[in-house]
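Engineer: One file: final19.tsv (TSV, C-alpha atoms).
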chain	number	residue	atom	x	y	z
A	513	ARG	CA	17.81	10.24	-20.84
A	514	ILE	CA	16.60	8.09	-17.98
A	515	ALA	CA	13.32	6.56	-16.83
A	516	VAL	CA	12.60	4.93	-13.46
A	517	SER	CA	10.94	1.84	-14.97
A	518	GLN	CA	9.82	0.23	-18.19
A	519	PRO	CA	6.27	1.64	-17.79
A	520	ALA	CA	7.73	5.14	-17.25
A	521	TYR	CA	9.89	4.69	-20.35
A	522	GLN	CA	6.92	3.54	-22.45
A	523	PHE	CA	4.94	6.59	-21.39
A	524	ILE	CA	7.60	9.27	-21.84
A	525	SER	CA	9.10	7.88	-25.05
A	526	ARG	CA	5.79	8.55	-26.83
A	527	TYR	CA	6.40	12.26	-26.31
A	528	PHE	CA	10.20	12.36	-26.25
A	529	PRO	CA	11.52	9.48	-28.34
A	530	GLY	CA	15.09	8.39	-27.90
A	531	LYS	CA	17.39	5.98	-26.12
A	532	TYR	CA	16.74	5.79	-22.37
A	533	GLU	CA	18.50	4.08	-19.52
A	534	ILE	CA	16.29	2.52	-16.82
A	535	ILE	CA	17.48	3.65	-13.38
A	536	PRO	CA	15.00	2.73	-10.63
A	537	ASN	CA	14.13	5.11	-7.81
A	538	GLY	CA	16.01	4.72	-4.58
A	539	ILE	CA	15.26	5.41	-0.95
A	540	HIS	CA	17.29	6.03	2.19
A	541	VAL	CA	16.97	2.54	3.65
A	542	ASP	CA	18.29	3.54	7.09
A	543	ASP	CA	15.44	6.07	7.51
A	544	PHE	CA	12.98	3.17	7.48
A	545	ALA	CA	15.08	0.47	9.07
A	546	ASN	CA	15.87	2.61	12.13
A	547	ALA	CA	12.50	4.30	12.73
A	548	GLU	CA	10.75	3.99	16.08
A	549	PRO	CA	7.14	2.75	16.10
A	550	PHE	CA	4.40	4.89	17.61
A	551	PRO	CA	3.83	3.56	21.16
A	552	HIS	CA	0.04	4.08	20.97
A	553	LEU	CA	-0.07	1.71	17.98
A	554	GLN	CA	1.76	-1.05	19.82
A	555	ASP	CA	-1.34	-2.10	21.75
A	556	GLY	CA	-1.90	-5.68	20.58
A	557	MET	CA	-3.88	-4.73	17.48
A	558	ILE	CA	-2.78	-6.02	14.07
A	559	ASN	CA	-1.93	-2.89	12.07
A	560	LEU	CA	-2.60	-2.95	8.35
A	561	LEU	CA	-1.07	0.11	6.62
A	562	PHE	CA	-2.18	1.92	3.46
A	563	LEU	CA	0.09	4.81	2.53
A	564	GLY	CA	-0.64	7.01	-0.46
A	565	ARG	CA	-2.74	9.82	-1.84
A	566	LEU	CA	-6.47	9.30	-1.42
A	567	GLU	CA	-7.32	9.06	-5.10
A	568	LYS	CA	-9.25	6.34	-6.92
A	569	ARG	CA	-6.30	4.77	-8.73
A	570	LYS	CA	-4.65	3.99	-5.37
A	571	GLY	CA	-7.44	1.44	-4.76
A	572	LEU	CA	-8.35	2.22	-1.15
A	573	LYS	CA	-11.98	1.15	-1.73
A	574	TYR	CA	-10.78	-2.39	-2.54
A	575	LEU	CA	-8.72	-2.49	0.64
A	576	LEU	CA	-11.70	-1.24	2.68
A	577	SER	CA	-13.83	-4.03	1.20
A	578	ALA	CA	-11.14	-6.61	1.98
A	579	TYR	CA	-10.75	-5.17	5.48
A	580	SER	CA	-14.50	-5.54	6.11
A	581	LYS	CA	-14.21	-9.27	5.34
A	582	LEU	CA	-11.10	-9.74	7.48
A	583	LYS	CA	-12.52	-7.88	10.48
A	584	TRP	CA	-14.97	-10.74	11.15
A	585	ASP	CA	-12.16	-13.22	11.76
A	586	TRP	CA	-9.68	-10.77	13.29
A	587	PRO	CA	-11.58	-8.26	15.43
A	588	ASN	CA	-8.20	-6.92	16.62
A	589	LEU	CA	-7.35	-5.74	13.08
A	590	ARG	CA	-6.85	-2.01	12.53
A	591	LEU	CA	-6.41	-0.17	9.22
A	592	LEU	CA	-4.13	2.87	9.20
A	593	VAL	CA	-4.69	5.16	6.21
A	594	VAL	CA	-1.82	7.62	5.79
A	595	GLY	CA	-1.74	10.20	3.02
A	596	PRO	CA	-3.22	13.44	1.72
A	597	GLY	CA	-6.57	13.88	0.00
A	598	LYS	CA	-10.26	13.32	0.55
A	599	LEU	CA	-12.01	10.00	0.77
A	600	ASP	CA	-13.92	9.18	-2.42
A	601	GLU	CA	-17.66	8.47	-2.50
A	602	ASP	CA	-17.27	4.70	-2.96
A	603	SER	CA	-14.98	4.44	0.07
A	604	HIS	CA	-17.44	6.50	2.17
A	605	ARG	CA	-20.25	4.19	1.10
A	606	ILE	CA	-18.30	1.02	1.95
A	607	MET	CA	-17.40	2.37	5.39
A	608	SER	CA	-20.99	3.39	6.11
A	609	GLU	CA	-22.73	0.28	4.76
A	610	ARG	CA	-20.36	-2.08	6.54
A	611	ASN	CA	-20.05	0.01	9.70
A	612	LEU	CA	-16.28	-0.31	9.63
A	613	ARG	CA	-14.49	0.18	12.92
A	614	ASP	CA	-10.82	0.69	13.73
A	615	VAL	CA	-10.06	2.57	10.50
A	616	VAL	CA	-7.75	5.47	11.36
A	617	PHE	CA	-7.36	8.29	8.82
A	618	VAL	CA	-4.09	10.01	9.63
A	619	GLY	CA	-3.74	12.43	6.71
A	620	GLU	CA	-0.46	13.73	5.37
A	621	VAL	CA	2.61	13.20	7.57
A	622	SER	CA	6.27	14.19	7.62
A	623	GLU	CA	8.92	11.88	6.17
A	624	ALA	CA	10.05	10.96	9.69
A	625	ASP	CA	6.51	10.08	10.78
A	626	LYS	CA	5.94	8.15	7.55
A	627	ALA	CA	8.84	5.88	8.50
A	628	ARG	CA	7.33	5.49	11.98
A	629	TYR	CA	4.00	4.37	10.50
A	630	TYR	CA	5.76	1.70	8.47
A	631	GLU	CA	7.52	0.59	11.64
A	632	SER	CA	4.18	0.52	13.49
A	633	ALA	CA	2.56	-1.65	10.81
A	634	ASP	CA	2.34	-5.41	10.77
A	635	ILE	CA	1.42	-5.60	7.07
A	636	PHE	CA	1.69	-3.03	4.28
A	637	CYS	CA	-0.91	-3.08	1.52
A	638	SER	CA	-0.95	-1.13	-1.75
A	639	PRO	CA	-4.03	-2.01	-3.85
A	640	ALA	CA	-3.36	0.46	-6.69
A	641	THR	CA	-5.34	-0.19	-9.87
A	642	GLY	CA	-2.76	1.05	-12.38
A	643	GLY	CA	-0.87	4.11	-13.50
A	644	GLU	CA	2.10	3.48	-11.22
A	645	SER	CA	5.48	3.92	-12.86
A	646	PHE	CA	7.40	2.58	-9.87
A	647	GLY	CA	6.56	1.22	-6.42
A	648	THR	CA	8.48	3.52	-4.07
A	649	VAL	CA	6.05	2.71	-1.23
A	650	LEU	CA	6.88	-0.97	-1.72
A	651	LEU	CA	10.60	-0.24	-1.31
A	652	GLU	CA	9.88	1.77	1.83
A	653	ALA	CA	7.81	-1.07	3.34
A	654	MET	CA	10.52	-3.60	2.53
A	655	ALA	CA	13.17	-1.31	4.05
A	656	ALA	CA	11.07	-1.32	7.23
A	657	CYS	CA	10.99	-5.16	7.00
A	658	ARG	CA	7.21	-5.25	6.60
A	659	PRO	CA	5.41	-7.90	4.57
A	660	VAL	CA	3.83	-6.45	1.44
A	661	VAL	CA	0.54	-7.21	-0.27
A	662	ALA	CA	0.20	-5.26	-3.51
A	663	THR	CA	-1.49	-5.44	-6.87
A	664	ASP	CA	0.12	-7.10	-9.86
A	665	ILE	CA	0.39	-3.98	-12.02
A	666	ASP	CA	3.13	-2.47	-14.15
A	667	GLY	CA	5.51	-0.60	-11.93
A	668	TYR	CA	4.79	-2.82	-8.92
A	669	SER	CA	5.64	-6.13	-10.56
A	670	ASP	CA	9.07	-4.65	-11.38
A	671	VAL	CA	9.70	-4.26	-7.63
A	672	ILE	CA	7.93	-7.31	-6.13
A	673	THR	CA	8.29	-10.92	-7.19
A	674	HIS	CA	5.17	-12.77	-6.01
A	675	GLY	CA	5.90	-15.15	-3.16
A	676	GLU	CA	9.45	-13.90	-2.82
A	677	ASP	CA	9.39	-10.19	-1.91
A	678	GLY	CA	5.66	-9.99	-1.19
A	679	LEU	CA	2.29	-11.17	-2.38
A	680	LEU	CA	0.74	-9.81	-5.57
A	681	VAL	CA	-2.97	-9.93	-6.37
A	682	SER	CA	-4.98	-8.86	-9.38
A	683	PRO	CA	-6.13	-5.23	-9.43
A	684	HIS	CA	-9.73	-4.62	-8.27
A	685	ASP	CA	-9.71	-7.97	-6.41
A	686	GLU	CA	-10.93	-7.39	-2.86
A	687	TYR	CA	-11.17	-11.15	-2.27
A	688	GLY	CA	-7.56	-11.71	-3.37
A	689	LEU	CA	-6.45	-8.87	-1.09
A	690	ALA	CA	-8.32	-10.38	1.84
A	691	GLU	CA	-6.92	-13.87	1.18
A	692	SER	CA	-3.33	-12.61	0.90
A	693	ILE	CA	-3.59	-10.48	4.05
A	694	ALA	CA	-5.15	-13.44	5.91
A	695	LYS	CA	-2.31	-15.66	4.73
A	696	ILE	CA	0.22	-13.32	6.35
A	697	ILE	CA	-1.83	-12.91	9.54
A	698	ASP	CA	-2.10	-16.72	9.84
A	699	ASN	CA	1.60	-17.20	9.15
A	700	PRO	CA	3.64	-14.36	10.75
A	701	GLY	CA	6.89	-16.08	9.71
A	702	LEU	CA	5.91	-15.62	6.10
What is this file in structure tokens?
Structural biologist:
Amino acid sequence: RIAVSQPAYQFISRYFPGKYEIIPNGIHVDDFANAEPFPHLQDGMINLLFLGRLEKRKGLKYLLSAYSKLKWDWPNLRLLVVGPGKLDEDSHRIMSERNLRDVVFVGEVSEADKARYYESADIFCSPATGGESFGTVLLEAMAACRPVVATDIDGYSDVITHGEDGLLVSPHDEYGLAESIAKIIDNPGL
């Protein structure tokens, strides 16, 4: 028996007890390291990327709130939202109330285009609130050599060491997200 992470093991062993070996997910690193960026996204804007299903536990509403704060200081900031699903009511409200500009909803994409979006991004952000057994999107962003800002949740903290592989913030913390993203914008060498 195998599990991809300690959180996955804790979940599944409640239903199927036994001895498990932890074997993390893997990715094809070369698919991300060798992708070509989209030319239309190489226009001088700072591209912040969210990639995941549009469901509440992925935390997009917290990223939209953080983005609205950042946009004042960096008007050339753009948020790319890649993934299937429909925008939730809270995210709609945040976008409407704050009149957010330069948010591009791409929808679901092929694996090849997914790699191209990572390559087109300046910063990858995954503000999930919990329920993640493993951070595959974090591995993909790192394979594309993109700085990562993610939440400090089970599954993600097994992949990212704060300050070493990326920056981790508390879940539901739009201010922490904004501060961490700003830190990377201010210090591209980071």
Engineer: Choose the residue, out of A:Phe550, A:Phe617, A:Phe646, A:Phe636, that has the smallest atom-to-atom separation from Lys598 in chain A; count all atoms listed in the file.
Structural biologist: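 Among the listed residues, the smallest separation from Lys598 in chain A belongs to A:Phe617.
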Engineer: Go through A:Ala655, A:Ile696, A:Ile606, A:Lys573 and flag the residue nearest Ser638 in chain A, using all atoms listed in the file for the distances.
Structural biologist: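 Once distances to Ser638 in chain A are computed over all atoms listed in the file, the minimum belongs to A:Lys573.
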Engineer: Using all atoms listed in the file, which of A:Ile635, A:Met654, A:Leu589, A:Ile693 sits nearest Ile558 in chain A?
Structural biologist: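 That would be A:Leu589, the residue with the smallest distance to Ile558 in chain A.
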Engineer: Go through A:Val541, A:Leu702, A:Leu680, A:Ile697 and flag the residue nearest Met557 in chain A, using all atoms listed in the file for the distances.
Structural biologist: A:Ile697
Engineer: Would you kindly return, as a list in words, each protein, DNA or RNA residue with an atom no farther than 12 Å from any atom of Arg513 in chain A, considering only C-alpha atoms and excluding same-chain residues fewer than 6 positions away?
Structural biologist: Ala520, Tyr521, Ile524, Ser525, Phe528, Pro529, Gly530, Lys531, Tyr532, Glu533, Ile534 and Ile535 of chain A
Engineer: Quick one, how far is CA of Tyr629 in chain A from CA of Leu561 in chain A?
Structural biologist: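 Between CA of Tyr629 in chain A and CA of Leu561 in chain A the gap is 7.7 Å.
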Engineer: I want to know what sits within 8 Å of Asp666 in chain A, based on all atoms listed in the file, with residues of the same chain fewer than 5 positions away left out; could you give that as a PDB file with C-alpha atoms, in the coordinates of the input?
Structural biologist:
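Full text of around.pdb as output:
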ATOM      1  CA  PRO A 519       6.270   1.640 -17.790  1.00  0.00           C
ATOM      2  CA  GLY A 642      -2.760   1.050 -12.380  1.00  0.00           C
ATOM      3  CA  GLY A 643      -0.870   4.110 -13.500  1.00  0.00           C
ATOM      4  CA  GLU A 644       2.100   3.480 -11.220  1.00  0.00           C
ATOM      5  CA  SER A 645       5.480   3.920 -12.860  1.00  0.00           C
ATOM      6  CA  PHE A 646       7.400   2.580  -9.870  1.00  0.00           C
TER       7      PHE A 646
END
Engineer: Between A:Val615, A:Leu582, A:Val660, A:Leu572, single out the one closest to Glu601 in chain A, counting all atoms listed in the file.
Structural biologist: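 Smallest distance to Glu601 in chain A is found for A:Leu572.
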Engineer: Using CA of Asn611 in chain A and CA of Ala578 in chain A as the two end points, give the distance in Å to one decimal.
Structural biologist: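 Going from CA of Asn611 in chain A over to CA of Ala578 in chain A, I get 13.5 Å.
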Engineer: Mind giving me the straight-line distance from CA of Pro639 in chain A to CA of Tyr579 in chain A in Å, one decimal?
Structural biologist: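 CA of Tyr579 in chain A lies at a distance of 11.9 Å from CA of Pro639 in chain A.
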Engineer: Rank nothing, just name the residue among A:Asn588, A:Ser632, A:Ser577, A:Asn699 nearest to Met607 in chain A, using only C-alpha atoms.
Structural biologist: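 Using only C-alpha atoms, the shortest distance to Met607 in chain A belongs to A:Ser577.
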Engineer: Please list as number ranges by chain every residue within 12 Å of Asp543 in chain A, counting all atoms listed in the file and excluding residues in the same chain fewer than 2 positions away.
Structural biologist: A: 539-541, 545-548, 623-631, 651-656
Engineer: Place a sphere of radius 7 Å on (15.9, 2.3, -13.2) in the file coordinates and name every protein, DNA or RNA residue with an atom inside or on its surface, counting all atoms listed in the file; give the answer as an NGL selection string.
Structural biologist: :A and (515-517 or 534-537)
Engineer: Could you give me range 685-696 of chain A completed to all heavy atoms, formatted as a PDB file, keeping the file's coordinate frame?
Structural biologist:
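Contents of selection.pdb, as written:
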ATOM      1  N   ASP A 685      -9.332  -6.676  -6.995  1.00  0.00           N
ATOM      2  CA  ASP A 685      -9.710  -7.970  -6.410  1.00  0.00           C
ATOM      3  C   ASP A 685      -9.712  -7.904  -4.882  1.00  0.00           C
ATOM      4  O   ASP A 685      -8.725  -8.247  -4.237  1.00  0.00           O
ATOM      5  CB  ASP A 685      -8.749  -9.056  -6.906  1.00  0.00           C
ATOM      6  CG  ASP A 685      -9.125 -10.450  -6.427  1.00  0.00           C
ATOM      7  OD1 ASP A 685     -10.154 -10.615  -5.735  1.00  0.00           O
ATOM      8  OD2 ASP A 685      -8.367 -11.390  -6.750  1.00  0.00           O
ATOM      9  N   GLU A 686     -10.833  -7.493  -4.318  1.00  0.00           N
ATOM     10  CA  GLU A 686     -10.930  -7.390  -2.860  1.00  0.00           C
ATOM     11  C   GLU A 686     -10.799  -8.748  -2.187  1.00  0.00           C
ATOM     12  O   GLU A 686     -10.262  -8.854  -1.090  1.00  0.00           O
ATOM     13  CB  GLU A 686     -12.231  -6.700  -2.464  1.00  0.00           C
ATOM     14  CG  GLU A 686     -13.476  -7.472  -2.846  1.00  0.00           C
ATOM     15  CD  GLU A 686     -14.752  -6.669  -2.728  1.00  0.00           C
ATOM     16  OE1 GLU A 686     -14.902  -5.678  -3.465  1.00  0.00           O
ATOM     17  OE2 GLU A 686     -15.581  -7.052  -1.886  1.00  0.00           O
ATOM     18  N   TYR A 687     -11.267  -9.807  -2.849  1.00  0.00           N
ATOM     19  CA  TYR A 687     -11.170 -11.150  -2.270  1.00  0.00           C
ATOM     20  C   TYR A 687      -9.716 -11.621  -2.243  1.00  0.00           C
ATOM     21  O   TYR A 687      -9.265 -12.204  -1.259  1.00  0.00           O
ATOM     22  CB  TYR A 687     -12.048 -12.138  -3.043  1.00  0.00           C
ATOM     23  CG  TYR A 687     -13.501 -11.787  -2.961  1.00  0.00           C
ATOM     24  CD1 TYR A 687     -14.133 -11.130  -4.020  1.00  0.00           C
ATOM     25  CD2 TYR A 687     -14.244 -12.074  -1.825  1.00  0.00           C
ATOM     26  CE1 TYR A 687     -15.473 -10.771  -3.940  1.00  0.00           C
ATOM     27  CE2 TYR A 687     -15.579 -11.723  -1.730  1.00  0.00           C
ATOM     28  CZ  TYR A 687     -16.187 -11.068  -2.786  1.00  0.00           C
ATOM     29  OH  TYR A 687     -17.509 -10.709  -2.704  1.00  0.00           O
ATOM     30  N   GLY A 688      -8.981 -11.364  -3.330  1.00  0.00           N
ATOM     31  CA  GLY A 688      -7.560 -11.710  -3.370  1.00  0.00           C
ATOM     32  C   GLY A 688      -6.763 -10.944  -2.330  1.00  0.00           C
ATOM     33  O   GLY A 688      -5.862 -11.499  -1.689  1.00  0.00           O
ATOM     34  N   LEU A 689      -7.105  -9.659  -2.143  1.00  0.00           N
ATOM     35  CA  LEU A 689      -6.450  -8.870  -1.090  1.00  0.00           C
ATOM     36  C   LEU A 689      -6.701  -9.489   0.271  1.00  0.00           C
ATOM     37  O   LEU A 689      -5.775  -9.677   1.063  1.00  0.00           O
ATOM     38  CB  LEU A 689      -6.972  -7.431  -1.099  1.00  0.00           C
ATOM     39  CG  LEU A 689      -6.452  -6.482  -2.154  1.00  0.00           C
ATOM     40  CD1 LEU A 689      -7.254  -5.179  -2.143  1.00  0.00           C
ATOM     41  CD2 LEU A 689      -4.980  -6.193  -1.955  1.00  0.00           C
ATOM     42  N   ALA A 690      -7.965  -9.803   0.545  1.00  0.00           N
ATOM     43  CA  ALA A 690      -8.320 -10.380   1.840  1.00  0.00           C
ATOM     44  C   ALA A 690      -7.610 -11.715   2.063  1.00  0.00           C
ATOM     45  O   ALA A 690      -7.068 -11.967   3.149  1.00  0.00           O
ATOM     46  CB  ALA A 690      -9.839 -10.555   1.950  1.00  0.00           C
ATOM     47  N   GLU A 691      -7.576 -12.567   1.047  1.00  0.00           N
ATOM     48  CA  GLU A 691      -6.920 -13.870   1.180  1.00  0.00           C
ATOM     49  C   GLU A 691      -5.417 -13.711   1.443  1.00  0.00           C
ATOM     50  O   GLU A 691      -4.857 -14.420   2.276  1.00  0.00           O
ATOM     51  CB  GLU A 691      -7.124 -14.693  -0.090  1.00  0.00           C
ATOM     52  CG  GLU A 691      -8.512 -15.261  -0.230  1.00  0.00           C
ATOM     53  CD  GLU A 691      -8.710 -15.987  -1.561  1.00  0.00           C
ATOM     54  OE1 GLU A 691      -7.710 -16.281  -2.255  1.00  0.00           O
ATOM     55  OE2 GLU A 691      -9.869 -16.253  -1.904  1.00  0.00           O
ATOM     56  N   SER A 692      -4.772 -12.796   0.728  1.00  0.00           N
ATOM     57  CA  SER A 692      -3.330 -12.610   0.900  1.00  0.00           C
ATOM     58  C   SER A 692      -3.003 -12.018   2.275  1.00  0.00           C
ATOM     59  O   SER A 692      -2.035 -12.438   2.919  1.00  0.00           O
ATOM     60  CB  SER A 692      -2.776 -11.714  -0.209  1.00  0.00           C
ATOM     61  OG  SER A 692      -2.877 -12.383  -1.444  1.00  0.00           O
ATOM     62  N   ILE A 693      -3.799 -11.060   2.713  1.00  0.00           N
ATOM     63  CA  ILE A 693      -3.590 -10.480   4.050  1.00  0.00           C
ATOM     64  C   ILE A 693      -3.805 -11.550   5.114  1.00  0.00           C
ATOM     65  O   ILE A 693      -3.015 -11.681   6.058  1.00  0.00           O
ATOM     66  CB  ILE A 693      -4.507  -9.259   4.267  1.00  0.00           C
ATOM     67  CG1 ILE A 693      -4.096  -8.121   3.322  1.00  0.00           C
ATOM     68  CG2 ILE A 693      -4.474  -8.803   5.733  1.00  0.00           C
ATOM     69  CD1 ILE A 693      -5.126  -7.010   3.203  1.00  0.00           C
ATOM     70  N   ALA A 694      -4.867 -12.358   4.953  1.00  0.00           N
ATOM     71  CA  ALA A 694      -5.150 -13.440   5.910  1.00  0.00           C
ATOM     72  C   ALA A 694      -4.004 -14.442   5.950  1.00  0.00           C
ATOM     73  O   ALA A 694      -3.637 -14.935   7.021  1.00  0.00           O
ATOM     74  CB  ALA A 694      -6.459 -14.139   5.538  1.00  0.00           C
ATOM     75  N   LYS A 695      -3.428 -14.725   4.799  1.00  0.00           N
ATOM     76  CA  LYS A 695      -2.310 -15.660   4.730  1.00  0.00           C
ATOM     77  C   LYS A 695      -1.139 -15.174   5.593  1.00  0.00           C
ATOM     78  O   LYS A 695      -0.511 -15.954   6.304  1.00  0.00           O
ATOM     79  CB  LYS A 695      -1.877 -15.810   3.266  1.00  0.00           C
ATOM     80  CG  LYS A 695      -0.848 -16.849   3.009  1.00  0.00           C
ATOM     81  CD  LYS A 695      -0.605 -16.946   1.496  1.00  0.00           C
ATOM     82  CE  LYS A 695       0.279 -18.106   1.162  1.00  0.00           C
ATOM     83  NZ  LYS A 695       0.472 -18.249  -0.290  1.00  0.00           N
ATOM     84  N   ILE A 696      -0.877 -13.878   5.547  1.00  0.00           N
ATOM     85  CA  ILE A 696       0.220 -13.320   6.350  1.00  0.00           C
ATOM     86  C   ILE A 696      -0.149 -13.266   7.835  1.00  0.00           C
ATOM     87  O   ILE A 696       0.689 -13.563   8.683  1.00  0.00           O
ATOM     88  CB  ILE A 696       0.622 -11.925   5.818  1.00  0.00           C
ATOM     89  CG1 ILE A 696       1.227 -12.068   4.420  1.00  0.00           C
ATOM     90  CG2 ILE A 696       1.607 -11.248   6.771  1.00  0.00           C
ATOM     91  CD1 ILE A 696       1.479 -10.759   3.710  1.00  0.00           C
TER      92      ILE A 696
END
